[in-house]
Amino acid sequence: MSTAKARVPTDEEFRWITTRAVAEIIPHEEFVKALRSGRRLRLKMGFDPSAPDLTLGHTVGLRKLRQLQELGHTVVIIVGDWTARIGDPSGQSRTRPMLTPEEVKANADTYLRQFFTIVDRELTEVRWQSEWFDEFTLAEVVRLAAKFTVSQMLQRDDFADRFAAKKPIGIHEFLYPLLQAYDSVAVEADVEFGGTDQKFNLLVGRELQADRGQPSQAVFLVPLLVGTDGKIKMSKSLGNYIAVDDPPHDMYGKLMSIPDALISAYFELLTDVPDEELAVIRASIEKHTTNPMEHKLRLARGIVEQFHGEEAGQAAAAEFERVFRKRESPEEMVDLPLNQLPRAKRSPSAEGAGVQLYDLGAALWRCGFAPSNSEARRLIKQGAVEINGGKISSNVISLESGMVIRVGKHRFLRIVDADSSQGRQRT
RNA sequence: GGCGGGGUGGGUGAGUGGUUAAUACCACCGGGCUGUAAACCCGGCGCCCUGACGGGCUACGCAGGUUCGAAUCCUGCCCCCGCCA
């Protein structure tokens, strides 16, 4: 790897790489020098296989990796199968259930599949922590732990906060940054990538490498993407995320629902819209010269195209227009075969003979539109359900093929004939 | 090892024998208004049965007990936090 060459970026590329969607590069000078040297760099990033799904938040860093790969640098992705057992001590994460090796493997596969939709597989090494940690002896763990002090660990915001708040901190949690740091030693990383919340962990890697006689990696921090709620970091567990795997219309819809304040950040972090244009967008939002929605339409379409192709982007845009701006029914919806619907227990005597009544609440529950029967009935009671455009108030109702049922603002079902459908279920 | 404090619904946190499926706030879900934005207004927010009225079941760390009745009292256990050693 010492002889392999990478292309030295042009000034324009250089500026793009080191300023666009970058929070901090430590130390900046060393990174610059390394890029200019033409040496092929080893770009490290780790992930935790307990949470396999990638969100758009993760792609900020991945896009950066991709840019560097285009110059010929190598990405080293670490499957954190050991750190996953500890659980990243960030946030309020509780002790996680230990995953079986099979689960870890499956999660890693899922993750990598999504990872390689952005990162070039040809220029990537996939490494597992177990390659080196399975061999670790207690002596080595002790030696590793002895390099750091409790007060060093308490510099980390999360630990400091919990300590101050008298919340428990497990001793093993201190091991998390240490193991992650050791990964850098094991793969001889030149640069490690992460969100700004990873700063502490990545810096520990520098120290440990130095201790082991290696050149310290540069630390490349990208900004955290704020989630669709407009408040905090996008994360799966907070439910404010857009997944890389979201189908086009979901992705589009979620992007349309972000608060205005996030628009320019999303353009910056998730698209290649040039900086000059970005400035124009930002200004027009601040000065209210354009309806921010116009920018969102472009953003949503652009991002959907990135992940699903131009055609899907166009289709999602058209679908959005149709369903939400014109309030029509979507092209595609979940089909519900009539003969599989739960029938109402008994027909109220008022209804004439021959009319079959169905239990709509139970139907919504069974096809996943509500987490429980009670919840489904609640939705109906609250007027969240309409059939062919008219609100309904009772969950005992007669249904026939062709009816379109809308639940809430954007979930649709269509009743179909018994034989004309396979009964597609919602996920 | 000693002393003290504490474990309540997704989160924070009230509640110290019945009026408590459990105050309040946040989060969340619907509705209204909109640009599927924000803000704001209204409603909801354990599960099951019921078209509805209503009914049933389960729940306040775990397990027992006292009582007509317990999140609230007693016993044992588990866990967390702090101070001292």
# chains A, B, ... in the order shown; residues from 1 in each chain; ligands from 1

call {"tool": "select_by_dssp", "arguments": {"residues": "region 125-195 of chain A", "states": "strand (DSSP E or B)", "output": "JSON, numbers by chain"}}
result
{"A": [125, 126, 127, 128, 191, 192, 193, 194, 195]}

call {"tool": "interface_residues", "arguments": {"of": "chain B", "to": "chain A", "cutoff": "10 Å", "atoms": "only C-alpha atoms (C1' of nucleotides)", "output": "list in words"}}
result
A27, C29, G30, G31, G35, U36, A37, A38, G43, G44, C45, G46, C47, C48, G51, A52, C80, C81 and G82 of chain B

call {"tool": "write_last_selection", "arguments": {"atoms": "C-alpha atoms (C1' of nucleotides)", "output": "compact mmCIF listing (two decimals), in the first residue's frame"}}
result
# COMPACT_ATOMS: atom_id res chain seq x y z
C1' A B 27 -42.67 12.63 22.67
C1' C B 29 -51.18 9.68 16.87
C1' G B 30 -55.56 11.95 14.65
C1' G B 31 -58.54 16.42 13.18
C1' G B 35 -46.82 24.19 1.48
C1' U B 36 -47.81 16.34 3.89
C1' A B 37 -43.19 22.86 6.68
C1' A B 38 -43.25 25.57 11.21
C1' G B 43 -59.09 15.73 20.38
C1' G B 44 -56.62 11.14 21.52
C1' C B 45 -52.72 8.29 23.59
C1' G B 46 -52.50 -0.01 28.00
C1' C B 47 -54.99 -4.37 25.88
C1' C B 48 -59.53 -7.03 24.64
C1' G B 51 -72.27 0.02 16.05
C1' A B 52 -72.68 2.90 20.32
C1' C B 80 -29.52 1.99 40.50
C1' C B 81 -27.34 6.60 42.82
C1' G B 82 -24.51 9.20 46.62

call {"tool": "residues_around", "arguments": {"residues": "Ser401 (chain A)", "least_positions_apart": "2", "cutoff": "12 Å", "atoms": "only C-alpha atoms (C1' of nucleotides)", "output": "PDB file with C-alpha atoms, in the first residue's frame"}}
result
ATOM      1  CA  ASP A 335     -54.839  -4.111  -2.109  1.00  0.00           C
ATOM      2  CA  LEU A 336     -57.149  -5.802   0.300  1.00  0.00           C
ATOM      3  CA  PRO A 337     -59.080  -8.800  -0.969  1.00  0.00           C
ATOM      4  CA  LEU A 338     -62.682  -8.694   0.092  1.00  0.00           C
ATOM      5  CA  ASN A 339     -62.882 -12.294   1.153  1.00  0.00           C
ATOM      6  CA  LEU A 341     -61.595  -9.107   5.537  1.00  0.00           C
ATOM      7  CA  ILE A 387     -63.861   5.792   2.197  1.00  0.00           C
ATOM      8  CA  ASN A 388     -63.981   7.166  -1.331  1.00  0.00           C
ATOM      9  CA  SER A 398     -70.336  -2.626   4.232  1.00  0.00           C
ATOM     10  CA  LEU A 399     -67.523  -2.790   1.753  1.00  0.00           C
ATOM     11  CA  MET A 403     -63.514   1.210  -2.649  1.00  0.00           C
ATOM     12  CA  VAL A 404     -60.529   3.306  -1.643  1.00  0.00           C
ATOM     13  CA  ILE A 405     -59.894   3.634   2.052  1.00  0.00           C
ATOM     14  CA  LEU A 413     -55.954   0.794   0.856  1.00  0.00           C
ATOM     15  CA  ARG A 414     -58.049  -0.482  -1.964  1.00  0.00           C
ATOM     16  CA  ILE A 415     -60.666  -3.161  -1.664  1.00  0.00           C
ATOM     17  CA  VAL A 416     -60.355  -5.686  -4.437  1.00  0.00           C
ATOM     18  CA  ASP A 417     -62.247  -8.754  -5.477  1.00  0.00           C
ATOM     19  CA  ALA A 418     -61.402 -11.928  -3.758  1.00  0.00           C
ATOM     20  CA  ASP A 419     -59.795 -13.606  -6.733  1.00  0.00           C
ATOM     21  CA  SER A 420     -58.037 -10.669  -8.345  1.00  0.00           C
ATOM     22  CA  SER A 421     -55.370 -10.224  -5.769  1.00  0.00           C
TER      23      SER A 421
END

call {"tool": "residues_around", "arguments": {"residues": "C62 (chain B)", "least_positions_apart": "6", "cutoff": "12 Å", "atoms": "only C-alpha atoms (C1' of nucleotides)", "output": "list in words"}}
result
G7, G76, C77, C78 and C79 of chain B

call {"tool": "atom_distance", "arguments": {"atom1": "CA of Asp81 (chain A)", "atom2": "CA of Arg63 (chain A)"}}
result
23.6 Å

call {"tool": "residues_around", "arguments": {"residues": "Val126 (chain A)", "least_positions_apart": "6", "cutoff": "8 Å", "atoms": "only C-alpha atoms (C1' of nucleotides)", "output": "PDB file with C-alpha atoms, in the first residue's frame"}}
result
ATOM      1  CA  VAL A  76     -11.577   0.332   5.090  1.00  0.00           C
ATOM      2  CA  ILE A  77     -14.944  -0.418   6.594  1.00  0.00           C
ATOM      3  CA  ILE A  78     -14.871  -2.002  10.006  1.00  0.00           C
ATOM      4  CA  VAL A  79     -17.665  -4.280  11.071  1.00  0.00           C
TER       5      VAL A  79
END

call {"tool": "residues_around", "arguments": {"residues": "region 9-22 of chain B", "least_positions_apart": "5", "cutoff": "12 Å", "atoms": "only C-alpha atoms (C1' of nucleotides)", "output": "ChimeraX atom specification"}}
result
/A:92,237-239 /B:27-28,45-47,57-60,66-73

call {"tool": "residues_around", "arguments": {"residues": "Glu103 (chain A)", "least_positions_apart": "3", "cutoff": "12 Å", "atoms": "only C-alpha atoms (C1' of nucleotides)", "output": "VMD selection string"}}
result
chain A and resid 49 to 52 81 84 97 to 100 106 to 110

call {"tool": "write_last_selection", "arguments": {"atoms": "C-alpha atoms", "output": "PDB file, in the first residue's frame"}}
result
ATOM      1  CA  PRO A  49     -23.967  -4.153  13.189  1.00  0.00           C
ATOM      2  CA  SER A  50     -26.662  -3.997  15.830  1.00  0.00           C
ATOM      3  CA  ALA A  51     -28.402  -1.322  13.783  1.00  0.00           C
ATOM      4  CA  PRO A  52     -28.268  -2.421  10.189  1.00  0.00           C
ATOM      5  CA  ASP A  81     -18.951  -6.937  15.902  1.00  0.00           C
ATOM      6  CA  ALA A  84     -21.721  -3.882  19.161  1.00  0.00           C
ATOM      7  CA  PRO A  97     -29.300  -7.555  24.046  1.00  0.00           C
ATOM      8  CA  MET A  98     -26.345  -9.508  22.870  1.00  0.00           C
ATOM      9  CA  LEU A  99     -26.749 -10.525  19.280  1.00  0.00           C
ATOM     10  CA  THR A 100     -26.055 -13.979  18.031  1.00  0.00           C
ATOM     11  CA  ALA A 106     -27.191 -10.746   8.704  1.00  0.00           C
ATOM     12  CA  ASN A 107     -27.121  -7.156   9.928  1.00  0.00           C
ATOM     13  CA  ALA A 108     -23.672  -6.614   8.501  1.00  0.00           C
ATOM     14  CA  ASP A 109     -24.781  -7.928   5.135  1.00  0.00           C
ATOM     15  CA  THR A 110     -27.737  -5.590   5.115  1.00  0.00           C
TER      16      THR A 110
END

call {"tool": "select_by_dssp", "arguments": {"residues": "region 188-237 of chain A", "states": "helix (DSSP H, G or I)", "output": "list in words"}}
result
Thr196, Asp197, Gln198, Lys199, Phe200, Asn201, Leu202, Leu203, Val204, Gly205, Arg206, Glu207, Leu208, Gln209, Ala210, Asp211, Lys236 and Ser237 of chain A

call {"tool": "write_last_selection", "arguments": {"atoms": "C-alpha atoms", "output": "PDB file, in the first residue's frame"}}
result
ATOM      1  CA  THR A 196     -19.005  15.251  14.993  1.00  0.00           C
ATOM      2  CA  ASP A 197     -20.393  13.162  17.840  1.00  0.00           C
ATOM      3  CA  GLN A 198     -17.575  10.709  17.199  1.00  0.00           C
ATOM      4  CA  LYS A 199     -14.842  13.249  17.793  1.00  0.00           C
ATOM      5  CA  PHE A 200     -13.725  11.831  21.087  1.00  0.00           C
ATOM      6  CA  ASN A 201     -13.565   8.263  19.867  1.00  0.00           C
ATOM      7  CA  LEU A 202     -11.625   9.167  16.770  1.00  0.00           C
ATOM      8  CA  LEU A 203      -9.138  11.224  18.718  1.00  0.00           C
ATOM      9  CA  VAL A 204      -8.445   8.311  21.022  1.00  0.00           C
ATOM     10  CA  GLY A 205      -7.397   6.449  17.890  1.00  0.00           C
ATOM     11  CA  ARG A 206      -4.718   9.032  17.225  1.00  0.00           C
ATOM     12  CA  GLU A 207      -3.252   8.588  20.667  1.00  0.00           C
ATOM     13  CA  LEU A 208      -3.235   4.867  20.532  1.00  0.00           C
ATOM     14  CA  GLN A 209      -1.603   4.766  17.135  1.00  0.00           C
ATOM     15  CA  ALA A 210       1.108   7.066  18.373  1.00  0.00           C
ATOM     16  CA  ASP A 211       1.608   4.823  21.343  1.00  0.00           C
ATOM     17  CA  LYS A 236     -33.427   5.329  13.558  1.00  0.00           C
ATOM     18  CA  SER A 237     -34.245   4.999  17.222  1.00  0.00           C
TER      19      SER A 237
END

call {"tool": "closest_residue", "arguments": {"among": "A:Gly313, A:Trp16, A:Leu175, A:Arg127", "to": "Lys147 (chain A)", "atoms": "only C-alpha atoms"}}
result
A:Leu175

call {"tool": "atom_distance", "arguments": {"atom1": "CA of Glu102 (chain A)", "atom2": "CA of Phe133 (chain A)"}}
result
17.9 Å

call {"tool": "atom_distance", "arguments": {"atom1": "CA of Asp158 (chain A)", "atom2": "CA of Gly57 (chain A)"}}
result
20.0 Å

call {"tool": "closest_residue", "arguments": {"among": "A:Thr117, A:Glu305, A:His172, A:Thr290", "to": "Val141 (chain A)", "atoms": "only C-alpha atoms"}}
result
A:His172
